[in-house]
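K.L.:
The structure under discussion is supplied below as structure tokens; questions concerning it will follow.
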Amino acid sequence: MSGRRRMNMPAMLRLMELADYVIPFALRAMAEHRVADHLAAGPRTSAELAAATGLHRDTLERLLRALTCKDVFAEPEPGVFALSPLAEPLRSDHPHSLRESALLEPAEVQAWADVIHSLRTGSAAFDHVHGRSYHDCGGPAPHADRVQAPHALLAHTLLPAYAWEQISHLVDVGCGVGAFTAALLSANPAMTATLLDRPDVIDAAAETVRRAGVADRAAMVAGDFFDEVPKGADAYLLKAVLKEWDDDVAARILASVRAAMRPDSRLLVLEALPDPDDDRRLGRMLDVEQLVLRGSPARDYDALCTLLRTAGLRPVHLVRTPTLTVIEARGKDWA
């Protein structure tokens with residue numbers, strides 16, 4: 001019939017792919033069972049992989065075949081599977097391994113299953129499902145390896161984006177597992193750092209800098225950045241910290257940091273800000289993830305600058321990268 005629209009098959013197939021459960025869960029299941037590790041030495045049959053992983057052979061083969069459709073793993077001959085370029089970072093020993101960040105996290109999956117709650121209320125689905133916040137469920141400490149996994153990508157994009165070598169002493173406020181500051185210290189031998197976080201987190205940061213071989217230039221402080229931030233450093237770092245708090249609490253954090261700064265100190269805020277000109281739209285995706293898991297408010301560059309000014313800080317430099325945006329701020333009276 002002339003009035004009937006033609007079926008746009010490519011668009012329909014693309015939409016089905018985007019709404020699909022199969023690939024995300026199959027990929028995470030392969031990461032969970034270290035399938036890429038078992039293929040590091042070369043192609044193996046599904047029977048060999050099943051024996052090595054303790055998985056059901058036929059089901060493993062079916063999931064691997066589904067993943068080969070997206071170039072995650074390869075099937076060079078029937079029933080034989082191999083690593084592909086996309087699968088390489090799933091290896092535990094890959095220098096930029098993403099395996100830990102691709103594991104199945106049932107608590108997060110349950111939160112995403114209730115994303116309608118966030119859509120209706122603007123609050124965290126995680127809290128609604130579990131009856132407590134993401135932080136109260138453990139925060140980053142029990143998931144130190146998982147949190148650390150993407151930091152190689154962050155370091156790759158952020159280290160060349162700013163003149164870190166100008167900093168002699170850095171205070172990492174809310175350092176988490178400390179992976180980014182460990183990378184900074186490794187790349188800048190003249191730099192020293194103080195890492196500040198909760199008592200239940202700071203031990204993981206100490207282990208990170210020890211493994212990176214920079215523990216002699218890193219001081220650990222177990223504390224609360226709402227109470228006090230170490231004073232007198234020439235630079236302060238807030239990496240992906242403010243996104244976890246509403247405007248009133250974020251303003252308190254900034255005020256605490258501002259009180260610790262010297263007149264010539266700088267504050268470096270690293271956040272995944274939505275960027276309308278970014279075709280990758282990573283900031284937009286992370287923005288929604290933070291809403292569902294943590295109830296984080298929507299905050300663009302202008303809103304962040306308003307918060308900085310409220311705390312007596314003035315944004316003076318902006319650098320966008322494929323991952324996080326770097327905002328340098330100084331005291332409002334800094335010349």
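Labels for the structure tokens follow display order: chains A, B, ..., residues from 1 in each chain, ligands from 1.
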Using DSSP assignments from the backbone, pull out every residue in stretch 34-78 of chain A that falls under strand (DSSP E or B) and give it to me as number ranges by chain.
P.N.:
A: 44-45, 74-77
K.L.:
Find the residues around stretch 178-194 of chain A up to 8 Å (only C-alpha atoms counted), leave out those fewer than 3 positions away in its own chain, and share them as a ChimeraX atom specification.
P.N.:
/A:148,151,154-155,159,164-165,167-172,175,204-206,208-209,212-214,217-221,230
K.L.:
From a DSSP pass on the backbone, collect the residues of stretch 52-255 of chain A flagged as helix (DSSP H, G or I) and hand them back as a ChimeraX atom specification.
P.N.:
/A:52-53,57-68,88-90,100-102,106-113,115-121,125-130,141-148,151-161,164-166,179-187,199-211,215-217,242-244,247-255
K.L.:
Considering only C-alpha atoms, return as a list in words whatever protein or nucleic-acid residues lie within 9 Å of A:Ala66, sequence-local ones (same chain, fewer than 6 positions apart) excluded.
P.N.:
Val22, Ile23, Ala26 and Val72 of chain A
K.L.:
Please save C-alpha atoms of the selected residues as a short mmCIF file (atom, residue, chain, number, x, y, z; two decimals), in the first residue's frame.
P.N.:
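Ended up saving to result21.cif:
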```
data_model
loop_
_atom_site.label_atom_id
_atom_site.label_comp_id
_atom_site.auth_asym_id
_atom_site.auth_seq_id
_atom_site.Cartn_x
_atom_site.Cartn_y
_atom_site.Cartn_z
CA VAL A 22 22.69 -10.75 25.52
CA ILE A 23 26.00 -9.06 24.69
CA ALA A 26 27.62 -12.58 27.98
CA VAL A 72 34.48 -9.83 20.96
#
```
K.L.:
With only C-alpha atoms as the atoms that count, which of A:Arg28, A:Arg258, A:Arg252, A:Arg294 lies nearest to A:Gly122?
P.N.:
A:Arg294
K.L.:
Please measure the separation of atom CA of A:Gly312 and atom CA of A:Asp287, giving the value in Å to one decimal.
P.N.:
25.9 Å
K.L.:
Rank nothing, just name the residue among A:Asp302, A:Asp200, A:Pro315, A:Ala40 nearest to A:Asp136, using only C-alpha atoms.
P.N.:
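Of the candidates, the smallest distance to A:Asp136 is held by A:Asp200.
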K.L.:
Taking 5 positions as the minimum chain separation for residues in the same chain, which residues sit within 9 Å of A:Leu254 when counting only C-alpha atoms? Answer as a PyMOL selection string.
P.N.:
chain A and resi 242+249+259+307-308+310-313
K.L.:
Could you take the residues named above and write them with N, CA and C atoms, as a PDB file, in the first residue's frame?
P.N.:
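Wrote it out as out_36.pdb, contents follow:
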```
ATOM      1  N   LEU A 242      33.034  15.436  43.379  1.00  0.00           N
ATOM      2  CA  LEU A 242      31.885  16.323  43.524  1.00  0.00           C
ATOM      3  C   LEU A 242      30.614  15.733  42.928  1.00  0.00           C
ATOM      4  N   VAL A 249      26.273  19.954  49.662  1.00  0.00           N
ATOM      5  CA  VAL A 249      27.392  19.171  50.191  1.00  0.00           C
ATOM      6  C   VAL A 249      28.649  19.438  49.366  1.00  0.00           C
ATOM      7  N   ALA A 259      39.834  26.367  52.291  1.00  0.00           N
ATOM      8  CA  ALA A 259      40.417  26.770  53.575  1.00  0.00           C
ATOM      9  C   ALA A 259      41.837  26.239  53.746  1.00  0.00           C
ATOM     10  N   LEU A 307      29.437  26.692  41.580  1.00  0.00           N
ATOM     11  CA  LEU A 307      29.841  26.117  42.866  1.00  0.00           C
ATOM     12  C   LEU A 307      31.229  26.603  43.273  1.00  0.00           C
ATOM     13  N   LEU A 308      32.141  26.622  42.321  1.00  0.00           N
ATOM     14  CA  LEU A 308      33.499  27.084  42.623  1.00  0.00           C
ATOM     15  C   LEU A 308      33.490  28.526  43.113  1.00  0.00           C
ATOM     16  N   THR A 310      31.091  30.125  44.523  1.00  0.00           N
ATOM     17  CA  THR A 310      30.468  30.185  45.846  1.00  0.00           C
ATOM     18  C   THR A 310      31.484  29.911  46.952  1.00  0.00           C
ATOM     19  N   ALA A 311      32.476  29.064  46.646  1.00  0.00           N
ATOM     20  CA  ALA A 311      33.503  28.715  47.625  1.00  0.00           C
ATOM     21  C   ALA A 311      34.694  29.674  47.580  1.00  0.00           C
ATOM     22  N   GLY A 312      34.594  30.749  46.841  1.00  0.00           N
ATOM     23  CA  GLY A 312      35.696  31.705  46.761  1.00  0.00           C
ATOM     24  C   GLY A 312      36.785  31.287  45.797  1.00  0.00           C
ATOM     25  N   LEU A 313      36.420  30.492  44.804  1.00  0.00           N
ATOM     26  CA  LEU A 313      37.383  30.004  43.818  1.00  0.00           C
ATOM     27  C   LEU A 313      36.995  30.510  42.428  1.00  0.00           C
TER      28      LEU A 313
END
```
K.L.:
Find the residues around A:Leu103 up to 8 Å (only C-alpha atoms counted), leave out those fewer than 5 positions away in its own chain, and share them as a ChimeraX atom specification.
P.N.:
/A:28-29,31-32
K.L.:
Can you pull out the residues contacting A:Ala87? Cut-off 10 Å, using only C-alpha atoms, and skip same-chain residues under 3 positions away; I want them as a PyMOL selection string.
P.N.:
chain A and resi 27+30-31+35-37+39+67-68+71-74+82-84+90-91+98-99
K.L.:
Please write the residues from the selection above to a file, keeping all heavy atoms, as a compact mmCIF listing (two decimals), in the first residue's frame.
P.N.:
```
# COMPACT_ATOMS: atom_id res chain seq x y z
N LEU A 27 29.33 -10.84 27.82
CA LEU A 27 30.68 -10.31 27.96
C LEU A 27 31.12 -10.34 29.42
O LEU A 27 32.25 -10.76 29.75
CB LEU A 27 30.72 -8.89 27.40
CG LEU A 27 32.09 -8.23 27.27
CD1 LEU A 27 32.06 -7.21 26.14
CD2 LEU A 27 32.53 -7.55 28.55
N MET A 30 31.96 -13.83 30.58
CA MET A 30 33.27 -14.27 30.12
C MET A 30 34.39 -13.63 30.96
O MET A 30 35.39 -14.27 31.27
CB MET A 30 33.47 -13.91 28.65
CG MET A 30 32.50 -14.60 27.68
SD MET A 30 32.52 -16.41 27.74
CE MET A 30 31.04 -16.72 28.77
N ALA A 31 34.20 -12.36 31.34
CA ALA A 31 35.19 -11.71 32.20
C ALA A 31 35.21 -12.38 33.58
O ALA A 31 36.29 -12.61 34.14
CB ALA A 31 34.86 -10.22 32.34
N VAL A 35 37.82 -16.12 30.67
CA VAL A 35 37.94 -16.83 29.40
C VAL A 35 39.08 -16.25 28.57
O VAL A 35 39.84 -16.99 27.93
CB VAL A 35 36.61 -16.79 28.63
CG1 VAL A 35 36.78 -17.33 27.21
CG2 VAL A 35 35.55 -17.60 29.38
N ALA A 36 39.24 -14.93 28.58
CA ALA A 36 40.34 -14.31 27.82
C ALA A 36 41.70 -14.78 28.33
O ALA A 36 42.63 -14.98 27.54
CB ALA A 36 40.24 -12.79 27.90
N ASP A 37 41.83 -14.98 29.63
CA ASP A 37 43.08 -15.49 30.17
C ASP A 37 43.40 -16.87 29.61
O ASP A 37 44.56 -17.19 29.31
CB ASP A 37 43.01 -15.58 31.70
CG ASP A 37 43.01 -14.21 32.37
OD1 ASP A 37 43.22 -13.20 31.66
OD2 ASP A 37 42.81 -14.16 33.59
N LEU A 39 42.66 -17.97 26.80
CA LEU A 39 42.97 -17.90 25.36
C LEU A 39 44.26 -17.14 25.09
O LEU A 39 44.64 -16.96 23.93
CB LEU A 39 41.81 -17.23 24.62
CG LEU A 39 40.50 -18.03 24.54
CD1 LEU A 39 39.39 -17.16 23.97
CD2 LEU A 39 40.69 -19.29 23.71
N LEU A 67 29.12 -13.47 21.07
CA LEU A 67 30.09 -12.40 21.21
C LEU A 67 30.93 -12.20 19.95
O LEU A 67 31.34 -11.08 19.63
CB LEU A 67 31.00 -12.66 22.41
CG LEU A 67 30.32 -12.49 23.78
CD1 LEU A 67 31.18 -13.06 24.88
CD2 LEU A 67 30.01 -11.02 24.04
N THR A 68 31.18 -13.28 19.21
CA THR A 68 31.94 -13.12 17.95
C THR A 68 31.17 -12.27 16.95
O THR A 68 31.78 -11.64 16.08
CB THR A 68 32.29 -14.47 17.32
OG1 THR A 68 31.08 -15.16 16.95
CG2 THR A 68 33.11 -15.34 18.25
N ASP A 71 32.56 -9.02 17.33
CA ASP A 71 34.02 -9.01 17.27
C ASP A 71 34.67 -9.08 18.65
O ASP A 71 35.83 -8.72 18.81
CB ASP A 71 34.54 -7.78 16.52
CG ASP A 71 34.10 -7.79 15.06
OD1 ASP A 71 34.06 -8.88 14.47
OD2 ASP A 71 33.77 -6.71 14.53
N VAL A 72 33.90 -9.51 19.66
CA VAL A 72 34.48 -9.83 20.96
C VAL A 72 34.75 -11.33 20.94
O VAL A 72 33.81 -12.13 20.98
CB VAL A 72 33.54 -9.47 22.12
CG1 VAL A 72 34.23 -9.75 23.46
CG2 VAL A 72 33.11 -8.01 22.03
N PHE A 73 35.99 -11.72 20.83
CA PHE A 73 36.46 -13.06 20.53
C PHE A 73 36.27 -13.36 19.03
O PHE A 73 35.56 -12.64 18.33
CB PHE A 73 35.79 -14.14 21.39
CG PHE A 73 35.99 -13.94 22.86
CD1 PHE A 73 34.96 -13.50 23.68
CD2 PHE A 73 37.23 -14.18 23.43
CE1 PHE A 73 35.16 -13.29 25.03
CE2 PHE A 73 37.44 -13.99 24.80
CZ PHE A 73 36.40 -13.54 25.59
N ALA A 74 36.97 -14.39 18.58
CA ALA A 74 36.91 -14.81 17.18
C ALA A 74 36.76 -16.33 17.14
O ALA A 74 37.13 -17.03 18.09
CB ALA A 74 38.18 -14.40 16.44
N ALA A 82 39.29 -17.77 19.75
CA ALA A 82 40.55 -17.05 19.93
C ALA A 82 40.26 -15.64 20.39
O ALA A 82 39.13 -15.14 20.30
CB ALA A 82 41.32 -17.03 18.61
N LEU A 83 41.29 -14.98 20.89
CA LEU A 83 41.17 -13.58 21.25
C LEU A 83 41.05 -12.72 20.00
O LEU A 83 41.60 -13.05 18.95
CB LEU A 83 42.38 -13.12 22.06
CG LEU A 83 42.52 -13.69 23.47
CD1 LEU A 83 43.83 -13.22 24.09
CD2 LEU A 83 41.34 -13.27 24.34
N SER A 84 40.33 -11.62 20.13
CA SER A 84 40.27 -10.59 19.10
C SER A 84 40.81 -9.31 19.72
O SER A 84 41.01 -9.24 20.94
CB SER A 84 38.81 -10.39 18.66
OG SER A 84 38.05 -9.87 19.76
N LEU A 90 40.35 -7.86 28.11
CA LEU A 90 39.69 -8.68 29.13
C LEU A 90 40.68 -9.61 29.82
O LEU A 90 40.33 -10.25 30.82
CB LEU A 90 38.56 -9.51 28.50
CG LEU A 90 37.35 -8.72 28.00
CD1 LEU A 90 36.36 -9.64 27.32
CD2 LEU A 90 36.67 -7.97 29.16
N ARG A 91 41.91 -9.70 29.31
CA ARG A 91 42.93 -10.50 29.98
C ARG A 91 43.37 -9.83 31.28
O ARG A 91 43.55 -8.62 31.34
CB ARG A 91 44.15 -10.67 29.08
CG ARG A 91 43.97 -11.62 27.93
CD ARG A 91 45.12 -11.53 26.93
NE ARG A 91 46.39 -11.24 27.57
CZ ARG A 91 47.39 -10.57 26.98
NH1 ARG A 91 47.25 -10.14 25.74
NH2 ARG A 91 48.51 -10.35 27.62
N LEU A 98 40.85 -4.28 31.47
CA LEU A 98 39.54 -3.79 31.89
C LEU A 98 38.70 -4.91 32.48
O LEU A 98 37.50 -4.73 32.71
CB LEU A 98 38.81 -3.16 30.70
CG LEU A 98 39.41 -1.88 30.14
CD1 LEU A 98 38.65 -1.43 28.90
CD2 LEU A 98 39.40 -0.77 31.18
N ARG A 99 39.32 -6.05 32.73
CA ARG A 99 38.55 -7.20 33.21
C ARG A 99 37.78 -6.88 34.49
O ARG A 99 36.58 -7.18 34.60
CB ARG A 99 39.46 -8.40 33.46
CG ARG A 99 38.69 -9.58 34.05
CD ARG A 99 39.55 -10.77 34.45
NE ARG A 99 38.71 -11.72 35.16
CZ ARG A 99 38.54 -11.73 36.48
NH1 ARG A 99 39.18 -10.84 37.23
NH2 ARG A 99 37.74 -12.61 37.04
```
K.L.:
For A:Val201, which residue among A:Asp248, A:Asp264, A:His135, A:Asp127 is the nearest when counting only C-alpha atoms?
P.N.:
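Under the stated criterion, the closest residue is A:His135.
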